[in-house]
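A short worksheet on the structure shown next.
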Protein chains: 4
Amino acid sequence: MGVFGIIGNEKTNVASSVYYGLYALQHRGQESCGISVNDDGVIHTYKDTGLVNDVFTSQKLESLGQGTMAIGHVRYGTMGTKGRVNAEPLVVNHTKGHLAIATNGRLVNGSVLKQELELKGMIFHTSSDAEIVSYVVIQERLNSVSIEQAVNKAMDKLKGGFCMLLMSPKKIIAVRDEQGFHPLCYGKRENGEYVIASESCALDSVGATFIRDLEPGEILVFSKEGITSIRDHCQKKPEALCVFEYVYTARPDSIISGCSVHAARKKAGAYLSTVKPVEADVVVGVPDSGLDAALGYAEASGIPYGIGLLKNKYIGRTFIAPGQNVREDKVRIKLNPVKETVNGKRVVLVDDSIVRGTTCARIVKLLRNAGATEVHLRSSAPPFVNPCYYGTDIDSKENLIACLHTEDEIAKIVGVDSLAYLNLEDVTKIGASGHCTGYCTACFDGNYPTETPKMIINKYENKLSESEK
Amino acid sequence: MGVFGIIGNEKTNVASSVYYGLYALQHRGQESCGISVNDDGVIHTYKDTGLVNDVFTSQKLESLGQGTMAIGHVRYGTMGTKGRVNAEPLVVNHTKGHLAIATNGRLVNGSVLKQELELKGMIFHTSSDAEIVSYVVIQERLNSVSIEQAVNKAMDKLKGGFCMLLMSPKKIIAVRDEQGFHPLCYGKRENGEYVIASESCALDSVGATFIRDLEPGEILVFSKEGITSIRDHCQKKPEALCVFEYVYTARPDSIISGCSVHAARKKAGAYLSTVKPVEADVVVGVPDSGLDAALGYAEASGIPYGIGLLKNKYIGRTFIAPGQNVREDKVRIKLNPVKETVNGKRVVLVDDSIVRGTTCARIVKLLRNAGATEVHLRSSAPPFVNPCYYGTDIDSKENLIACLHTEDEIAKIVGVDSLAYLNLEDVTKIGASGHCTGYCTACFDGNYPTETPKMIINKYENKLSESEK
Amino acid sequence: MGVFGIIGNEKTNVASSVYYGLYALQHRGQESCGISVNDDGVIHTYKDTGLVNDVFTSQKLESLGQGTMAIGHVRYGTMGTKGRVNAEPLVVNHTKGHLAIATNGRLVNGSVLKQELELKGMIFHTSSDAEIVSYVVIQERLNSVSIEQAVNKAMDKLKGGFCMLLMSPKKIIAVRDEQGFHPLCYGKRENGEYVIASESCALDSVGATFIRDLEPGEILVFSKEGITSIRDHCQKKPEALCVFEYVYTARPDSIISGCSVHAARKKAGAYLSTVKPVEADVVVGVPDSGLDAALGYAEASGIPYGIGLLKNKYIGRTFIAPGQNVREDKVRIKLNPVKETVNGKRVVLVDDSIVRGTTCARIVKLLRNAGATEVHLRSSAPPFVNPCYYGTDIDSKENLIACLHTEDEIAKIVGVDSLAYLNLEDVTKIGASGHCTGYCTACFDGNYPTETPKMIINKYENKLSESEK
Amino acid sequence: MGVFGIIGNEKTNVASSVYYGLYALQHRGQESCGISVNDDGVIHTYKDTGLVNDVFTSQKLESLGQGTMAIGHVRYGTMGTKGRVNAEPLVVNHTKGHLAIATNGRLVNGSVLKQELELKGMIFHTSSDAEIVSYVVIQERLNSVSIEQAVNKAMDKLKGGFCMLLMSPKKIIAVRDEQGFHPLCYGKRENGEYVIASESCALDSVGATFIRDLEPGEILVFSKEGITSIRDHCQKKPEALCVFEYVYTARPDSIISGCSVHAARKKAGAYLSTVKPVEADVVVGVPDSGLDAALGYAEASGIPYGIGLLKNKYIGRTFIAPGQNVREDKVRIKLNPVKETVNGKRVVLVDDSIVRGTTCARIVKLLRNAGATEVHLRSSAPPFVNPCYYGTDIDSKENLIACLHTEDEIAKIVGVDSLAYLNLEDVTKIGASGHCTGYCTACFDGNYPTETPKMIINKYENKLSESEK
């Protein structure tokens, strides 16, 4: 998921700026999207399922009007939180006015908070964490002098990995979770507007100059009066940046915690070239996400980099695959080998990860049909073996090939001559040029930086049954 | 423009195969597209303006039904031939039945042929060459024993650079123009269906194995009885393959006249590295079409290849750019520099061509803002200075920057430290590994392999005024 | 606004039944519509702005699946309650499960209830009364043994004119307000399914046999176990059926409180013929809503009934009126005089009401241009002079011509030879053949059957300021 | 089918005027529609399948731009002439410029003309008569001094019942067939624009004053210079106005050949009341087309006129009828009995015609369920027993209930107590107040005013085989 916000002193076409920002963040979520524009305290919102490009026709954008601030959101669909009803920003009315909220991440204590609220007669329209957050914040708002004070208090109750933007009639409040699971940064445009975004590439997309990342736990309040930082929740817990942001989630042209994602991926490729080194003629990346690591692998190994797979640039969301063998066809339509590059060659194929293995297998077959004599598959991430509770969309355990098979078995299934993953100890080094002090690698090694949802529910139920005694 | 055809003995979902084929050929034309399915002599057609993906919903594809053969078309829009009315395949009814026709290219004597036909009372529904061709063919059909004989006779009258597929109730007839301006090849699927396409990548997309290119002037007749080659127009004139197919038009994974397009572009990059050699730190290609040449440049020059520009993969046809500075924004949204790659570096920027210069200038500015200390622009094509009469979409002379300014002026306008083009003598060598024996390079040097439309019209008018005397 | 519900023992295509029902109720609201299907406790909902026909494509209907029960809603748009966000059914999740709610009417104490809830930290997603109702019900649910008990308790707090359908995982609960402002009835289909609807015409549309109207204040609980009636709120207050239902809102083929709407309108026409009787040649009704009264007028007066205005049956929601004089054109496109009927005739023109007068004036002009020698306008309703607080969509006072001008002035403005309204004492007699015991005629005479919203807010604010002392 | 044209001296929003005109003519064809705007000789056209309202969004209308003249068309779909490809206006280019053509009716010698043209090498894009006509006209144009002369000559070759509008770069030419099968009239707007339309109601819709009908065989030429009438084909053959225009096709507010359609239908109802007179309590018309005749029946018989069936005014083209019993449901959704009117009554039910009988049977059942004690069905047209060759859309013989069953059988099938049709001798008297001198009643009595298509084909084939001897 991705969030984007903008705030200035003059009314401008902020909706269009958010549109550009969400466009740049589209890779963080393709299921639904939305924009809320604040026009002197009145909030106009449009959101729906679909890509930014499809949801926001120019007519829809115009209908949002102008304003001094706006926030937007892109969401990927997970079981139970899909559909138009869960699209964000979530806009609610409360005793002090309107509040729009856009979130990136996941609460680990969401279901317990929800149960507590429902027992007070609260009703829920959605299955999103955003609605839980809004209730917690609004409850605190009743006894707070400002929305930012309410948010600061709410932070004590909200556990997990989440960033968020809250837009009140007069302010935008940006919040990064205490352990900094997900990135959030801000910058400034020449016209004085401040821009907050999940990734720096979205600042670039609207011509804003990067200022800095929010610190883990930091609350930044943007208003006409300027920017205020609330740091009561900073440096209370060890940092736990999702390392998968470097490996897969973020865009290569973003800079996270001071390290270029492109550089991190090249470094991953370089480290990877030292695992099971192999004699080969060409290094081929799977477009688009494997290209950076492939280049890093090539440079480190001395094996030439080649353009061995061509991606059809017209492939879009609405691509239909009529007839039989839909999945097969989809790969073939999307990717075609460049015979010239692979024919008669020993190919090192670099991808960012191996999830189900089916797409990999198809690609390997394409390369072999195009004349590759050997195919050595290299994954620039360690194997996925654990679920993520912090908002990263990882397939369920039953589908993860690494949970079901040994490395050798996978190599056979996928049809490669050799298979290697990035070492677990290397994955936390790829962002070393930046200033991040700790990573969440739970999906690879099971070391969860927080209590898990299950632990929290168990505690709550124990407490309930205690009190009933 | 691109054509695609398929023919087999059993009724299958041929529409879906053509759909895949057109998808792979989409880069050859984005203005309109269409598919005609032949179900026992009855031809069902759907066509409209738009991308293949947008025009053909699954409902529309299904409505075309099954058949034993089908042809399809993608068209780019040029002045005067845009709109739904000009979309192909063109389907006409005549005394011997139905005929569907899809063309790639341009007649040079089209306007004279049209005038002659109109003077006989013929009416025209479109402004496309396809309708002229169909009249010429149908007129010959009246005195021919077969449609292929009619096509063979028509070839004497049709001058210019054009390929075409004609589908009669029982046959598909594939025709490549006498001088082979445009590519056309065919292959076979495992189920026995023959597939004809403008580029080999479209054969790949439906799992067909490439058999061979049609020879310049060759007429191939596909029917239940098999394939017949009519070669009356072969080897009558020197070959004149559009060299721009290698440079820009075709997809890198296609093989044309025996030479891989990717290889040709790498070679172009290699040749280019010898023109005005420069000391630099990184070679960056403009995605997507400059990447192959950039890699060739890097390998030949020894300067490292870098991923310096990231293309937003969600950019689609319907991208709207609200607000001011639309053109500027469009480049910024589409491309973002990878700072890591270019910051503090001397960059060689490789693009396939420089047409108006405006996009180039924007990209150069992006690179400089990202920290590039020098930018050396290299075009893997010579400068465009002449119009194309054979169906390639080149901007009008008033817009071509190379017609308006000297190389030095252009370098200043675009804002680069140096500028170089591929040498004219090198451009015809890039496909040398294939079997093509001659190229059309008219857009670069003005050497038109045929009479120009103007010459033909003048002759005709002189003849008319003679006969009036 | 209109509501429709259906419940049976077997899973059937209930969505399609609701679709038919809403189609029949479309005249009660054209701004938005929605359907919620209950499939074993899981509620699937689709709703949007637009007509039933446009919102529910067959694909959308299918996506709702099958179920044992469903409810639906049509809404007209009033200031502040428009848009997709306010479309109903509203579906909320609470501690005991899901609840879908569809309402017809308006709370008079809505804003006070909302304020009280907000002060407890409740958040509101919509500006509809349905959300207020759902909170009140859910709060009661916490301390009730069943949803129907909660609804029964909630009725003590909800003041105003409103009917509603609530769908819990296992029940549909139909509620008619204490004074019976709005109609609600139920019936049964041959397959045993019960059907509840705002008007009997919707029962007809799904082949259900009318059983009876709900009594004012009655709560009917439909479940697998059958039907239970809760009558704690019955006969506590005098009946106050909106007389405008007979005059305008309801469909002529509906039967409300035992009286046919068509009959009531004919009777209105008959009464009207006694007000300012006039010598004339033909009685013409304005299609569609003036036809019944015109026929009644003709029969009572002995003046022949004529078809004098033809309505274009293709006029739809999406009708665009490009060019100048849009409003003028819209009337001309929609209605055309039948010259044969009015040429050279003295015409009595019967319409159901005169709101702004502009449409009337256009029609009168059309008739005169078609040769009518005199036009006598008769309104089958008394003049509107007061706002409605119970959910009927009456224009604001500044637009009501009767608030701005005398009868004589209006006659001049509209351009008629004479003008007469139905007498206030007659309007409550038009439904006399039924069993209704009292009417709300506030829009005509200002006698509001309840406290007005303003009174309630004043009281609340006084109480608040008292308690603050 | 219906045609509409407009021509003036100034550029105006003619597209919007044609839009209004086609809206008024929508009842003459719902399958496809189109508009061609002439902007200084350049013709912009948009056409597609669908209702006027759906095809022409305001965007599409705007895209047609302004012009001094325009023509438009609505078409109903018959076997073989459906689809976008057959939508009119047909626009063709020929040696003298552009020509747009819109037709109403059918050639009887179309297939012979087509065969002759094809033997000259002509190609056909459509299966419409319009294309045949355009060829015949353009062929004549080669040896004519003007387009109107060409049309005049073409009239000698074109046989059948057809009206048409032809728009050349500078003129609109309106043509009515020699025997006047179909109506065509013209009028003038206050701004000086002339308007030509199939029915006078379309003149009303754009505020034009009716001038006169074209005479059978008349050619009217509209240009900047004014109007010229070419009458070479007038009064050569007896008039044969399709009597079904009065009975069903035309709109009641139109005036055809001097007789109001509404008056003709009332007269049909009056005549009908004398056939099998019956004692009854109420006369009910089937909306919309049976209402006029019902009123005529009531007035003539003295039996009261009643509103006994209510038509849902929201029923549109896109109405979907999911679930079982689709046809049944469609009638129930569309029409609902007004119980008040029919309960306990003996009902005379008047419809304009009985085609398949299925809809009638459903309506009768609805009335009986609503309490009608007797239902006497009266058709204001004689029974259909013959195909129409002049462009009226009559069901095929296998579906016409009158071809399959006796009157008594039909009464039983439809479920009525008695059944009567308008007498054949009366049907030609219903338009008597106008100036028409002869009617085509072939669908009722088989007296075709021209040779039939079969006769013409036989002759042609005999001639061909003669010449081959």
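Every chain in the structure tokens takes a letter, A first, then B, and so on in the order presented; its residues are numbered from 1, and the ligands are numbered from 1 following the presented order.
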Per residue of chain B within 6 Å of chain D, record the nearest atom pair and its distance in Å to one decimal, counting only C-alpha atoms, with rows in chain order and ascending residue number, as CSV.
```
residue,atom,partner,partner_atom,distance
B:Val92,CA,D:His125,CA,4.8
B:Asn93,CA,D:Phe124,CA,4.9
B:His94,CA,D:Ile123,CA,5.0
B:Thr95,CA,D:Glu118,CA,5.0
B:Glu118,CA,D:Thr95,CA,5.0
B:Gly121,CA,D:Gln139,CA,4.8
B:Ile123,CA,D:His94,CA,5.0
B:Phe124,CA,D:Asn93,CA,4.8
B:His125,CA,D:Val92,CA,4.8
B:Ile138,CA,D:Gly121,CA,5.9
B:Gln139,CA,D:Gly121,CA,4.8
```
Would you export the selected residues with N, CA, C and O atoms as a PDB file, in the first residue's frame, please?
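Contents of the output file part_39.pdb:
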```
ATOM      1  N   VAL B  92     -15.149  -6.615 -47.972  1.00  0.00           N
ATOM      2  CA  VAL B  92     -16.038  -6.223 -49.066  1.00  0.00           C
ATOM      3  C   VAL B  92     -16.708  -7.456 -49.656  1.00  0.00           C
ATOM      4  O   VAL B  92     -16.210  -8.578 -49.547  1.00  0.00           O
ATOM      5  N   ASN B  93     -17.879  -7.209 -50.247  1.00  0.00           N
ATOM      6  CA  ASN B  93     -18.617  -8.272 -50.922  1.00  0.00           C
ATOM      7  C   ASN B  93     -18.518  -7.993 -52.404  1.00  0.00           C
ATOM      8  O   ASN B  93     -18.621  -6.848 -52.831  1.00  0.00           O
ATOM      9  N   HIS B  94     -18.337  -9.030 -53.168  1.00  0.00           N
ATOM     10  CA  HIS B  94     -18.272  -8.846 -54.617  1.00  0.00           C
ATOM     11  C   HIS B  94     -18.957 -10.037 -55.259  1.00  0.00           C
ATOM     12  O   HIS B  94     -19.524 -10.897 -54.568  1.00  0.00           O
ATOM     13  N   THR B  95     -18.886 -10.079 -56.543  1.00  0.00           N
ATOM     14  CA  THR B  95     -19.700 -11.079 -57.248  1.00  0.00           C
ATOM     15  C   THR B  95     -19.314 -12.514 -56.895  1.00  0.00           C
ATOM     16  O   THR B  95     -20.139 -13.408 -56.946  1.00  0.00           O
ATOM     17  N   GLU B 118     -12.565   6.088 -59.709  1.00  0.00           N
ATOM     18  CA  GLU B 118     -13.697   6.999 -59.533  1.00  0.00           C
ATOM     19  C   GLU B 118     -14.286   7.414 -60.875  1.00  0.00           C
ATOM     20  O   GLU B 118     -15.493   7.606 -61.004  1.00  0.00           O
ATOM     21  N   GLY B 121     -16.987   5.387 -61.900  1.00  0.00           N
ATOM     22  CA  GLY B 121     -18.179   5.376 -61.056  1.00  0.00           C
ATOM     23  C   GLY B 121     -18.016   4.586 -59.770  1.00  0.00           C
ATOM     24  O   GLY B 121     -18.995   4.308 -59.087  1.00  0.00           O
ATOM     25  N   ILE B 123     -17.215   4.025 -55.925  1.00  0.00           N
ATOM     26  CA  ILE B 123     -17.349   4.869 -54.747  1.00  0.00           C
ATOM     27  C   ILE B 123     -16.399   4.379 -53.663  1.00  0.00           C
ATOM     28  O   ILE B 123     -16.091   3.190 -53.594  1.00  0.00           O
ATOM     29  N   PHE B 124     -15.942   5.291 -52.853  1.00  0.00           N
ATOM     30  CA  PHE B 124     -15.007   4.943 -51.784  1.00  0.00           C
ATOM     31  C   PHE B 124     -15.586   5.296 -50.418  1.00  0.00           C
ATOM     32  O   PHE B 124     -16.091   6.405 -50.229  1.00  0.00           O
ATOM     33  N   HIS B 125     -15.501   4.337 -49.519  1.00  0.00           N
ATOM     34  CA  HIS B 125     -16.007   4.562 -48.161  1.00  0.00           C
ATOM     35  C   HIS B 125     -14.900   5.042 -47.228  1.00  0.00           C
ATOM     36  O   HIS B 125     -15.177   5.593 -46.187  1.00  0.00           O
ATOM     37  N   ILE B 138     -10.529  -6.978 -57.136  1.00  0.00           N
ATOM     38  CA  ILE B 138     -11.855  -7.467 -57.523  1.00  0.00           C
ATOM     39  C   ILE B 138     -12.092  -7.265 -59.025  1.00  0.00           C
ATOM     40  O   ILE B 138     -12.698  -8.107 -59.692  1.00  0.00           O
ATOM     41  N   GLN B 139     -11.583  -6.160 -59.577  1.00  0.00           N
ATOM     42  CA  GLN B 139     -11.692  -5.945 -61.017  1.00  0.00           C
ATOM     43  C   GLN B 139     -10.974  -7.063 -61.776  1.00  0.00           C
ATOM     44  O   GLN B 139     -11.494  -7.599 -62.750  1.00  0.00           O
TER      45      GLN B 139
END
```
Practice task
List every residue of range 136-173 of chain A that DSSP, applied to the backbone, labels as helix (DSSP H, G or I), and write the result as a list in words.
Solution key: Val136, Val137, Ile138, Gln139, Glu140, Arg141, Ile147, Glu148, Gln149, Ala150, Val151, Asn152, Lys153 and Ala154 of chain A
Exercise for the section: Report the residues of range 71-238 of chain B whose backbone DSSP state falls under strand (DSSP E), written as a VMD selection string. Expected result: chain B and resid 71 to 75 90 to 94 97 to 107 160 to 167 172 to 176 185 to 188 194 to 197 209 to 213 219 to 223 226 to 230
Exercise for the section: Can you pull out every residue within 12 Å of Ala294 in chain D, counting only C-alpha atoms, but drop anything in the same chain fewer than 2 positions away, and send it as a ChimeraX atom specification? Expected result: /C:305-307 /D:262-263,265-273,282-292,296-308,347-352,377-380
Exercise for the section: With a distance cut-off of 10 Å and only C-alpha atoms, select the neighbouring residues of Ala250 in chain C, excluding the residue or stretch itself and same-chain residues fewer than 4 positions from it, and output the selection as a ChimeraX atom specification. Expected result: /C:25,27-28,183,198-201,244-246,254-256,261-262,289
Practice task
Please identify all polymer residues within 6 Å of range 151-162 of chain C, counting only C-alpha atoms, omitting same-chain residues fewer than 2 positions from it, and present them as a count of residues only.
Solution key: 13
Problem - Residue with smallest distance to Val221 in chain D - pool D:Ile7, D:Ala370, D:Leu424, D:Val42, counting only C-alpha atoms - result: D:Ile7
Considering only C-alpha atoms, return as a PDB file with N, CA and C atoms, in the first residue's frame whatever protein or nucleic-acid residues lie within 6 Å of range 355-360 of chain B, sequence-local ones (same chain, fewer than 4 positions apart) excluded.
```pdb
ATOM      1  N   ASN B 399       8.471  19.666 -38.379  1.00  0.00           N
ATOM      2  CA  ASN B 399       8.692  19.293 -36.990  1.00  0.00           C
ATOM      3  C   ASN B 399      10.024  18.587 -36.764  1.00  0.00           C
ATOM      4  N   LEU B 400      10.619  18.106 -37.844  1.00  0.00           N
ATOM      5  CA  LEU B 400      11.855  17.338 -37.692  1.00  0.00           C
ATOM      6  C   LEU B 400      12.996  18.284 -37.334  1.00  0.00           C
ATOM      7  N   ILE B 401      13.548  18.096 -36.172  1.00  0.00           N
ATOM      8  CA  ILE B 401      14.566  19.036 -35.693  1.00  0.00           C
ATOM      9  C   ILE B 401      15.793  19.020 -36.598  1.00  0.00           C
TER      10      ILE B 401
END
```
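Every protein, DNA or RNA residue with an atom at most 9 Å from Thr12 in chain B, where only C-alpha atoms count and chain neighbours fewer than 4 positions away do not, is listed here: Gly8, Gly65, Gln66, Gly67, Thr68 and Met69 of chain B.
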Would you output that residue set with C-alpha atoms, as a CSV table (one decimal), in the first residue's frame?
```
chain,number,residue,atom,x,y,z
B,8,GLY,CA,-6.1,-24.5,-40.2
B,65,GLY,CA,-17.1,-17.1,-32.9
B,66,GLN,CA,-14.9,-19.9,-34.1
B,67,GLY,CA,-13.5,-20.4,-37.6
B,68,THR,CA,-10.9,-22.2,-39.6
B,69,MET,CA,-9.1,-18.9,-40.4
```
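Distance annotation: of C:Tyr20, C:Tyr439, C:Phe4, C:Phe444, the residue with the minimal separation from Glu239 in chain C is C:Tyr439; atom set is only C-alpha atoms.
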